Amino acid sequence: MTGRILLALAGIGLLAFLVQPQAFAPLFQPFTRNGAPAIYTQTPLLALTLSHLALVALAVLASTIVALALAVLVTRPAGREFLPLARTITSVGQTFPPVAVLALAVPLMGFGTGPTLLALFLYGLLPVFENALAGLTGLPAPVREAARGMGLTARQRLWQIELPLALPVILTGMRLTAVISLGTATIGSTVAARTLGEVIIAGLLSGNTAFVLQGGLIVGILAVMIHEGFQRAERIAARRAGAA
Amino acid sequence: MIEIRNLTRRFDEVLAVDDVSLTVPTGQIAALVGTSGSGKTTLLRMINRLVKPSAGQVLIDGEDTADQPAHLLRRRIGYAIQGHGLFPHQSVARNIATVPRLLGWPRDRIAARVDELLTLFQLDPAAYRDRMPQDLSGGQQQRVGVARALAARPDLLLMDEPFGALDPVIRAQAQEDLRAVQRRLGTTVILVTHDMDEAIRLGDRIAVMDQGRLVQYAPPAEILTAPASDFVRDLIGDKQRPFYLLSLSQVDALRSPGHASGAPIPPEASLRDALAECLWRGAEALPVAGGGIVTLAALRAAARPEAGTA
């Protein structure tokens with residue numbers, strides 16, 4: 001209960017800060033030096049936050065679609081032999097540093113949102129893929145057997161039985177991907193993507209701790225809220241899937 | 001009528017089912033018994049083609065089932081398994097409606113059928129329709145599983161150890177319920193069990209399987225009194241034989257004129273129950289409801305194959 005209240009307070013505080021950042025200037029003033037501005041004003045914080053969120057949402061959506069498709073493919077009889085390949089692709093996506101992806105992608109795609117989206121997409125494949133795989137292969141054997149024995153086609157089994165029952169675990173994978181992407185997206189500002197990283201980098205360049213702090217705080221609070229939101233969705237999905 | 005002709009299944013070099021032929025008349029229960037690895041489950045799963053036969057045919061009412069796509073065939077054949085396999089994310093009603101929905105029945109016909117089946121299995125439709133499977137007891141889950149298998153009025157019901165996960169008291173009740181429902185609907189049933197007691201209780205005929213072969217296929221009394229091989233004899237076991245034999249006949253068959261004291265026993269009670277009652281009361285005879293008696297001597301005679309109770 002206290003957790004929920006704290007979360008609501010953090011959410012309200014965040015919203016107030018994004019709408020009226022100047023009202024919070026006194027709070028950040030102690031972290032500035034030599035009369036530097038306490039609040040980042042180069043770009044409105046609200047606009048940066050929205051574009052940061054949009055970027056993350058797009059990346060998570062793309063990772064989820066591709067990872068889920070891969071997981072479904074390798075759990076079909078025809079696609080079973082692609083499992084090692086799919087594992088390799090998603091693992092490399094996770095181990096290859098996003099910074100390196102940016103560096104490699106910029107010459108090809110130019111500055112801006114594109115390279116960041118690519119880096120986040122690759123980075124986010126693994127959690128969704130591994131979770132979807134676990135969810136799809138972890139169904140109780142009698143349920144699987146009954147679905148076949150009743151005369152459901154392979155497609156009907158996938159849509160009516162396997163995916164609904166795997167949903168809670170798939171959502172867990174999406175949660176991990178979303179939270180990781182939210183933090184990682186900040187480095188996109190090094191290649192001119194519009195993210196909250198812009199505030200942090202400006203703070204680092206000008207030695208203004210207040211900027212670093214406000215950029216970091218916004219990302220942090222967003223991460224906690226998204227984490228909570230997904231966990232709630234997971235619980236609902238688990239209840240629907242018949243977990244006691 | 002279900003005809004199994006020369007059905008064979010080979011897994012690599014191993015013959016799981018070796019040239020099995022048997023016929024189950026419409027409205028009868030055939031019990032497949034055998035030790036684990038005898039091929040009884042593989043035989044069952046070939047009937048709805050969850051396992052593809054290596055050779056042989058399955059005919060339903062004279063029609064070769066190989067001519068039909070497997071998923072369409074399975075919608076005509078009920079399937080109930082150990083651990084029920086209910087879909088945990090769907091309500092009781094939706095679980096039962098699975099096959100009718102696949103067959104595209106209209107909504108109101110499905111709803112009526114669901115309520116009819118729930119009533120048949122002694123579950124109040126209003127109370128149970130919208131419950132989730134995990135909110136039911138083990139016995140109720142098992143009943144819903146069988147109701148689901150019967151939902152689209154299948155030509156044939158296949159059951160693979162359907163009562164295996166139930167405790168003994170609930171199991172006996174479930175067996176009786178199945179027998180009653182099967183009699184009422186006239187469904188043909190093929191049931192796999194490793195429990196000889198269950199096979200004798202439920203089977204009109206018993207098929208004994210050993211190492212993929214059909215060793216004997218006969219009514220229970222014949223299996224008991226004239227086992228075809230030592231394997232069948234061992235499977236029955238010598239400790240239970242007389243009691244199995246007595247359980248096959250009703251008191252009515254041994255009724256003789258006379259008088260005895262004590263509470264009367266119903267004429268449809270099994271001889272096994274009558275024997276138990278005699279021993280417990282220390283009586284030489286029991287009165288039968290509706291007149292006459294059954295004597296301990298007659299029961300003793302009926303418990304031996306020479307008496308020819310079959």
# chains A, B, ... in the order shown; residues from 1 in each chain; ligands from 1

call {"tool": "interface_residues", "arguments": {"of": "chain A", "to": "chain B", "cutoff": "8 Å", "atoms": "only C-alpha atoms", "output": "NGL selection string"}}
result
:A and (141-146 or 148-153 or 161 or 164-165 or 240-244)

call {"tool": "residues_around", "arguments": {"residues": "region 105-113 of chain A", "least_positions_apart": "2", "cutoff": "7 Å", "atoms": "only C-alpha atoms", "output": "PyMOL selection string"}}
result
chain A and resi 101-103+115-117+191-193

call {"tool": "write_last_selection", "arguments": {"atoms": "N, CA and C atoms", "output": "compact mmCIF listing (two decimals), in the first residue's frame"}}
result
# COMPACT_ATOMS: atom_id res chain seq x y z
N VAL A 101 26.93 -0.31 -31.57
CA VAL A 101 25.92 -0.33 -32.63
C VAL A 101 25.74 1.08 -33.18
N LEU A 102 25.67 2.06 -32.28
CA LEU A 102 25.52 3.45 -32.71
C LEU A 102 26.66 3.84 -33.64
N ALA A 103 27.87 3.54 -33.17
CA ALA A 103 29.05 3.94 -33.93
C ALA A 103 29.05 3.32 -35.32
N PRO A 115 19.75 5.18 -35.82
CA PRO A 115 20.73 4.31 -35.16
C PRO A 115 20.33 3.94 -33.73
N THR A 116 19.73 4.87 -33.01
CA THR A 116 19.30 4.59 -31.63
C THR A 116 18.23 3.51 -31.61
N LEU A 117 17.28 3.66 -32.52
CA LEU A 117 16.21 2.68 -32.61
C LEU A 117 16.79 1.29 -32.88
N VAL A 191 24.21 10.74 -30.68
CA VAL A 191 24.10 10.78 -32.14
C VAL A 191 22.85 11.54 -32.56
N ALA A 192 22.46 12.52 -31.71
CA ALA A 192 21.42 13.48 -32.05
C ALA A 192 20.00 12.93 -32.11
N ALA A 193 19.73 11.81 -31.40
CA ALA A 193 18.34 11.41 -31.22
C ALA A 193 17.78 12.27 -30.09

call {"tool": "select_by_dssp", "arguments": {"residues": "region 98-294 of chain B", "states": "strand (DSSP E or B)", "output": "ChimeraX atom specification"}}
result
/B:156-160,188-193,205-210,213-218,250,256,265,270,285-288,293-294

call {"tool": "write_last_selection", "arguments": {"atoms": "C-alpha atoms", "output": "mmCIF file, in the first residue's frame"}}
result
data_model
loop_
_atom_site.group_PDB
_atom_site.id
_atom_site.type_symbol
_atom_site.label_atom_id
_atom_site.label_comp_id
_atom_site.auth_asym_id
_atom_site.auth_seq_id
_atom_site.Cartn_x
_atom_site.Cartn_y
_atom_site.Cartn_z
ATOM 1 C CA LEU B 156 -16.486 -42.848 -29.955
ATOM 2 C CA LEU B 157 -14.949 -41.831 -26.632
ATOM 3 C CA LEU B 158 -11.281 -42.576 -25.988
ATOM 4 C CA MET B 159 -10.094 -42.471 -22.390
ATOM 5 C CA ASP B 160 -6.470 -42.749 -21.316
ATOM 6 C CA THR B 188 -18.917 -46.487 -27.540
ATOM 7 C CA VAL B 189 -15.887 -46.238 -25.266
ATOM 8 C CA ILE B 190 -12.322 -47.476 -25.496
ATOM 9 C CA LEU B 191 -10.539 -47.057 -22.195
ATOM 10 C CA VAL B 192 -6.884 -47.585 -21.323
ATOM 11 C CA THR B 193 -6.092 -48.616 -17.764
ATOM 12 C CA ARG B 205 -14.904 -56.635 -23.030
ATOM 13 C CA ILE B 206 -11.287 -56.542 -21.924
ATOM 14 C CA ALA B 207 -8.339 -56.459 -24.291
ATOM 15 C CA VAL B 208 -5.110 -57.612 -22.675
ATOM 16 C CA MET B 209 -1.951 -56.345 -24.324
ATOM 17 C CA ASP B 210 1.616 -57.548 -23.819
ATOM 18 C CA ARG B 213 0.472 -57.791 -29.056
ATOM 19 C CA LEU B 214 -3.151 -58.409 -28.248
ATOM 20 C CA VAL B 215 -3.050 -61.474 -26.001
ATOM 21 C CA GLN B 216 -6.739 -61.900 -25.261
ATOM 22 C CA TYR B 217 -9.914 -60.007 -26.078
ATOM 23 C CA ALA B 218 -12.954 -61.329 -24.267
ATOM 24 C CA GLN B 250 -25.880 -59.456 -9.373
ATOM 25 C CA SER B 256 -33.593 -68.602 -4.083
ATOM 26 C CA ILE B 265 -29.918 -56.484 0.219
ATOM 27 C CA SER B 270 -23.073 -57.377 -6.791
ATOM 28 C CA ALA B 285 -28.040 -66.245 4.160
ATOM 29 C CA LEU B 286 -29.228 -62.722 3.395
ATOM 30 C CA PRO B 287 -32.777 -61.638 2.579
ATOM 31 C CA VAL B 288 -33.131 -60.040 -0.853
ATOM 32 C CA ILE B 293 -32.694 -65.085 -0.090
ATOM 33 C CA VAL B 294 -29.131 -65.468 -1.243
#

call {"tool": "closest_residue", "arguments": {"among": "B:Leu254, B:Gly212, B:Glu198, B:Ala260", "to": "Phe11 (chain B)", "atoms": "only C-alpha atoms"}}
result
B:Gly212

call {"tool": "residues_around", "arguments": {"residues": "Leu6 (chain A)", "least_positions_apart": "4", "cutoff": "12 Å", "atoms": "only C-alpha atoms", "output": "CSV table (one decimal) with C-alpha atoms, in the first residue's frame"}}
result
chain,number,residue,atom,x,y,z
A,1,MET,CA,0.0,0.0,0.0
A,2,THR,CA,2.8,2.5,1.0
A,10,ALA,CA,6.4,10.2,-7.6
A,11,GLY,CA,4.2,10.2,-10.7
A,12,ILE,CA,2.4,13.4,-9.7
A,13,GLY,CA,5.8,15.0,-8.8
A,221,ILE,CA,11.0,7.6,-12.2
A,224,VAL,CA,10.0,2.5,-11.9
A,225,MET,CA,6.5,3.4,-13.2
A,228,GLU,CA,5.2,-1.3,-11.9

call {"tool": "closest_residue", "arguments": {"among": "A:Leu133, A:Leu158, A:Leu222, A:Leu85", "to": "Val56 (chain A)", "atoms": "only C-alpha atoms"}}
result
A:Leu222

call {"tool": "closest_residue", "arguments": {"among": "B:Ala283, B:Ala289, B:Leu118, B:Leu202", "to": "Ala269 (chain B)", "atoms": "only C-alpha atoms"}}
result
B:Ala289

call {"tool": "residues_around", "arguments": {"residues": "Gly135 (chain A)", "least_positions_apart": "5", "cutoff": "8 Å", "atoms": "only C-alpha atoms", "output": "PyMOL selection string"}}
result
chain A and resi 165-167+169-170

call {"tool": "closest_residue", "arguments": {"among": "A:Thr95, A:Gln42, A:Asn131, A:Thr49", "to": "Met174 (chain A)", "atoms": "only C-alpha atoms"}}
result
A:Asn131

call {"tool": "closest_residue", "arguments": {"among": "B:Pro154, B:Gly186, B:Gly39, B:Pro220", "to": "Ile236 (chain B)", "atoms": "only C-alpha atoms"}}
result
B:Pro220

call {"tool": "residues_around", "arguments": {"residues": "region 166-175 of chain B", "least_positions_apart": "2", "cutoff": "10 Å", "atoms": "only C-alpha atoms", "output": "number ranges by chain"}}
result
B: 82-83, 121, 138-140, 142-143, 162-164, 177-181, 198, 201-202

call {"tool": "write_last_selection", "arguments": {"atoms": "C-alpha atoms", "output": "PDB file, in the first residue's frame"}}
result
ATOM      1  CA  GLN B  82      -5.335 -38.538 -17.015  1.00  0.00           C
ATOM      2  CA  GLY B  83      -4.978 -35.181 -15.287  1.00  0.00           C
ATOM      3  CA  PHE B 121     -22.538 -34.960 -14.420  1.00  0.00           C
ATOM      4  CA  GLY B 138     -10.116 -33.039  -8.521  1.00  0.00           C
ATOM      5  CA  GLY B 139     -13.259 -35.106  -9.003  1.00  0.00           C
ATOM      6  CA  GLN B 140     -15.149 -32.174 -10.494  1.00  0.00           C
ATOM      7  CA  GLN B 142     -12.292 -34.965 -14.027  1.00  0.00           C
ATOM      8  CA  ARG B 143     -16.063 -34.843 -14.645  1.00  0.00           C
ATOM      9  CA  PRO B 162      -9.030 -41.001 -16.996  1.00  0.00           C
ATOM     10  CA  PHE B 163      -9.318 -41.772 -13.287  1.00  0.00           C
ATOM     11  CA  GLY B 164      -5.606 -42.258 -12.623  1.00  0.00           C
ATOM     12  CA  ASP B 177     -20.910 -42.154 -13.003  1.00  0.00           C
ATOM     13  CA  LEU B 178     -19.135 -42.953 -16.250  1.00  0.00           C
ATOM     14  CA  ARG B 179     -20.937 -46.287 -16.472  1.00  0.00           C
ATOM     15  CA  ALA B 180     -24.305 -44.612 -15.894  1.00  0.00           C
ATOM     16  CA  VAL B 181     -23.688 -41.814 -18.378  1.00  0.00           C
ATOM     17  CA  GLU B 198     -11.201 -50.817 -13.205  1.00  0.00           C
ATOM     18  CA  ARG B 201     -15.743 -52.885 -13.309  1.00  0.00           C
ATOM     19  CA  LEU B 202     -16.191 -50.947 -16.562  1.00  0.00           C
TER      20      LEU B 202
END

call {"tool": "select_by_dssp", "arguments": {"residues": "region 1-242 of chain A", "states": "alpha helix (DSSP H)", "output": "PyMOL selection string"}}
result
chain A and resi 2-19+25-28+45-74+83-95+98-109+113-137+141-150+154-156+163-184+197-206+209-240

call {"tool": "atom_distance", "arguments": {"atom1": "CA of Ala25 (chain A)", "atom2": "CA of Ala223 (chain A)"}}
result
23.2 Å

call {"tool": "closest_residue", "arguments": {"among": "A:Gln20, A:Thr64, A:Thr172, A:Thr41", "to": "Leu125 (chain A)", "atoms": "only C-alpha atoms"}}
result
A:Thr64

call {"tool": "residues_around", "arguments": {"residues": "region 198-200 of chain A", "least_positions_apart": "6", "cutoff": "10 Å", "atoms": "only C-alpha atoms", "output": "PDB file with N, CA and C atoms, in the first residue's frame"}}
result
ATOM      1  N   ILE A  39      17.587  24.849 -14.445  1.00  0.00           N
ATOM      2  CA  ILE A  39      16.691  23.990 -15.230  1.00  0.00           C
ATOM      3  C   ILE A  39      17.102  24.053 -16.694  1.00  0.00           C
ATOM      4  N   TYR A  40      17.141  22.892 -17.332  1.00  0.00           N
ATOM      5  CA  TYR A  40      17.501  22.796 -18.746  1.00  0.00           C
ATOM      6  C   TYR A  40      16.376  23.374 -19.587  1.00  0.00           C
ATOM      7  N   THR A  41      16.672  24.329 -20.459  1.00  0.00           N
ATOM      8  CA  THR A  41      15.608  24.977 -21.219  1.00  0.00           C
ATOM      9  C   THR A  41      15.850  24.938 -22.730  1.00  0.00           C
ATOM     10  N   GLN A  42      16.974  24.361 -23.147  1.00  0.00           N
ATOM     11  CA  GLN A  42      17.303  24.300 -24.574  1.00  0.00           C
ATOM     12  C   GLN A  42      16.140  23.696 -25.374  1.00  0.00           C
ATOM     13  N   THR A  43      15.636  22.592 -24.855  1.00  0.00           N
ATOM     14  CA  THR A  43      14.435  21.947 -25.403  1.00  0.00           C
ATOM     15  C   THR A  43      13.509  21.738 -24.214  1.00  0.00           C
ATOM     16  N   LEU A  45      11.503  20.079 -21.408  1.00  0.00           N
ATOM     17  CA  LEU A  45      11.679  18.741 -20.830  1.00  0.00           C
ATOM     18  C   LEU A  45      10.519  17.814 -21.186  1.00  0.00           C
ATOM     19  N   LEU A  48      11.071  16.455 -24.643  1.00  0.00           N
ATOM     20  CA  LEU A  48      12.135  15.446 -24.622  1.00  0.00           C
ATOM     21  C   LEU A  48      11.640  14.127 -24.038  1.00  0.00           C
ATOM     22  N   THR A 186      19.188   6.896 -23.416  1.00  0.00           N
ATOM     23  CA  THR A 186      19.840   8.196 -23.179  1.00  0.00           C
ATOM     24  C   THR A 186      21.096   8.358 -24.031  1.00  0.00           C
ATOM     25  N   ILE A 187      21.807   7.257 -24.311  1.00  0.00           N
ATOM     26  CA  ILE A 187      23.039   7.408 -25.101  1.00  0.00           C
ATOM     27  C   ILE A 187      22.732   7.789 -26.536  1.00  0.00           C
ATOM     28  N   GLY A 188      21.454   7.665 -26.948  1.00  0.00           N
ATOM     29  CA  GLY A 188      21.063   8.051 -28.304  1.00  0.00           C
ATOM     30  C   GLY A 188      21.341   9.519 -28.575  1.00  0.00           C
ATOM     31  N   SER A 189      21.361  10.326 -27.515  1.00  0.00           N
ATOM     32  CA  SER A 189      21.579  11.759 -27.708  1.00  0.00           C
ATOM     33  C   SER A 189      22.992  12.075 -28.191  1.00  0.00           C
ATOM     34  N   THR A 190      23.918  11.092 -28.027  1.00  0.00           N
ATOM     35  CA  THR A 190      25.268  11.320 -28.561  1.00  0.00           C
ATOM     36  C   THR A 190      25.251  11.339 -30.078  1.00  0.00           C
ATOM     37  N   VAL A 191      24.211  10.738 -30.676  1.00  0.00           N
ATOM     38  CA  VAL A 191      24.102  10.782 -32.140  1.00  0.00           C
ATOM     39  C   VAL A 191      22.849  11.542 -32.564  1.00  0.00           C
ATOM     40  N   ALA A 192      22.456  12.518 -31.707  1.00  0.00           N
ATOM     41  CA  ALA A 192      21.415  13.485 -32.050  1.00  0.00           C
ATOM     42  C   ALA A 192      20.004  12.929 -32.110  1.00  0.00           C
ATOM     43  N   ASN A 208      27.401  21.067 -15.189  1.00  0.00           N
ATOM     44  CA  ASN A 208      26.216  21.473 -14.438  1.00  0.00           C
ATOM     45  C   ASN A 208      25.513  20.234 -13.870  1.00  0.00           C
ATOM     46  N   THR A 209      25.785  19.955 -12.602  1.00  0.00           N
ATOM     47  CA  THR A 209      25.217  18.747 -11.972  1.00  0.00           C
ATOM     48  C   THR A 209      23.697  18.781 -11.948  1.00  0.00           C
ATOM     49  N   ALA A 210      23.102  19.965 -11.872  1.00  0.00           N
ATOM     50  CA  ALA A 210      21.640  20.070 -11.823  1.00  0.00           C
ATOM     51  C   ALA A 210      21.016  19.437 -13.059  1.00  0.00           C
ATOM     52  N   PHE A 211      21.626  19.650 -14.234  1.00  0.00           N
ATOM     53  CA  PHE A 211      21.098  19.067 -15.474  1.00  0.00           C
ATOM     54  C   PHE A 211      21.176  17.539 -15.428  1.00  0.00           C
ATOM     55  N   VAL A 212      22.367  17.053 -15.031  1.00  0.00           N
ATOM     56  CA  VAL A 212      22.559  15.594 -14.958  1.00  0.00           C
ATOM     57  C   VAL A 212      21.511  14.990 -14.029  1.00  0.00           C
ATOM     58  N   LEU A 213      21.315  15.666 -12.903  1.00  0.00           N
ATOM     59  CA  LEU A 213      20.392  15.163 -11.888  1.00  0.00           C
ATOM     60  C   LEU A 213      18.959  15.114 -12.417  1.00  0.00           C
ATOM     61  N   GLN A 214      18.509  16.204 -13.053  1.00  0.00           N
ATOM     62  CA  GLN A 214      17.103  16.210 -13.493  1.00  0.00           C
ATOM     63  C   GLN A 214      16.869  15.224 -14.634  1.00  0.00           C
ATOM     64  N   GLY A 215      17.851  15.109 -15.551  1.00  0.00           N
ATOM     65  CA  GLY A 215      17.714  14.107 -16.616  1.00  0.00           C
ATOM     66  C   GLY A 215      17.642  12.701 -16.040  1.00  0.00           C
ATOM     67  N   GLY A 216      18.546  12.411 -15.120  1.00  0.00           N
ATOM     68  CA  GLY A 216      18.584  11.082 -14.502  1.00  0.00           C
ATOM     69  C   GLY A 216      17.329  10.772 -13.711  1.00  0.00           C
TER      70      GLY A 216
END

call {"tool": "atom_distance", "arguments": {"atom1": "CA of Leu275 (chain B)", "atom2": "CA of Ser249 (chain B)"}}
result
11.9 Å

call {"tool": "decode", "arguments": {"residues": "region 39-113 of chain A", "atoms": "C-alpha atoms", "output": "short mmCIF file (atom, residue, chain, number, x, y, z; two decimals), in the first residue's frame"}}
result
data_model
loop_
_atom_site.label_atom_id
_atom_site.label_comp_id
_atom_site.auth_asym_id
_atom_site.auth_seq_id
_atom_site.Cartn_x
_atom_site.Cartn_y
_atom_site.Cartn_z
CA ILE A 39 16.69 23.99 -15.23
CA TYR A 40 17.50 22.80 -18.75
CA THR A 41 15.61 24.98 -21.22
CA GLN A 42 17.30 24.30 -24.57
CA THR A 43 14.44 21.95 -25.40
CA PRO A 44 11.27 21.70 -23.25
CA LEU A 45 11.68 18.74 -20.83
CA LEU A 46 8.15 17.56 -21.58
CA ALA A 47 8.89 17.33 -25.31
CA LEU A 48 12.14 15.45 -24.62
CA THR A 49 10.36 13.03 -22.30
CA LEU A 50 7.63 12.33 -24.84
CA SER A 51 10.07 11.70 -27.65
CA HIS A 52 12.21 9.55 -25.33
CA LEU A 53 9.15 7.47 -24.43
CA ALA A 54 8.04 7.22 -28.06
CA LEU A 55 11.47 5.97 -29.08
CA VAL A 56 11.51 3.35 -26.33
CA ALA A 57 7.95 2.25 -27.10
CA LEU A 58 8.76 1.84 -30.77
CA ALA A 59 11.92 -0.14 -29.99
CA VAL A 60 10.14 -2.42 -27.49
CA LEU A 61 7.33 -2.98 -29.95
CA ALA A 62 9.78 -3.92 -32.71
CA SER A 63 11.82 -6.20 -30.41
CA THR A 64 8.66 -7.87 -29.18
CA ILE A 65 7.26 -8.52 -32.63
CA VAL A 66 10.49 -9.98 -33.97
CA ALA A 67 11.44 -11.93 -30.82
CA LEU A 68 7.92 -13.34 -30.47
CA ALA A 69 7.85 -14.35 -34.12
CA LEU A 70 11.21 -16.08 -33.67
CA ALA A 71 10.04 -17.87 -30.53
CA VAL A 72 6.85 -19.07 -32.26
CA LEU A 73 8.87 -20.21 -35.29
CA VAL A 74 11.38 -22.27 -33.33
CA THR A 75 8.68 -23.94 -31.24
CA ARG A 76 6.87 -25.25 -34.38
CA PRO A 77 7.97 -28.68 -35.65
CA ALA A 78 9.11 -27.12 -38.94
CA GLY A 79 11.23 -24.46 -37.26
CA ARG A 80 12.83 -26.46 -34.47
CA GLU A 81 16.18 -26.63 -36.24
CA PHE A 82 16.42 -22.82 -36.20
CA LEU A 83 16.49 -22.69 -32.40
CA PRO A 84 20.31 -22.51 -32.08
CA LEU A 85 20.43 -19.82 -34.77
CA ALA A 86 17.71 -17.74 -33.12
CA ARG A 87 19.47 -18.08 -29.77
CA THR A 88 22.72 -16.86 -31.31
CA ILE A 89 21.10 -13.87 -32.99
CA THR A 90 19.32 -12.68 -29.85
CA SER A 91 22.35 -13.30 -27.62
CA VAL A 92 24.66 -11.37 -29.90
CA GLY A 93 22.08 -8.55 -29.97
CA GLN A 94 22.33 -8.39 -26.21
CA THR A 95 26.12 -8.74 -25.86
CA PHE A 96 27.06 -6.30 -28.61
CA PRO A 97 27.34 -2.92 -26.81
CA PRO A 98 24.66 -0.41 -27.91
CA VAL A 99 27.37 2.25 -28.13
CA ALA A 100 29.17 0.15 -30.72
CA VAL A 101 25.92 -0.33 -32.63
CA LEU A 102 25.52 3.45 -32.71
CA ALA A 103 29.05 3.94 -33.93
CA LEU A 104 28.60 1.40 -36.69
CA ALA A 105 25.10 2.51 -37.67
CA VAL A 106 25.72 6.25 -37.98
CA PRO A 107 27.84 6.02 -41.15
CA LEU A 108 25.08 3.93 -42.74
CA MET A 109 21.94 5.57 -41.39
CA GLY A 110 23.14 9.07 -40.57
CA PHE A 111 22.61 10.98 -37.31
CA GLY A 112 19.25 11.03 -35.55
CA THR A 113 16.68 8.50 -34.35
#
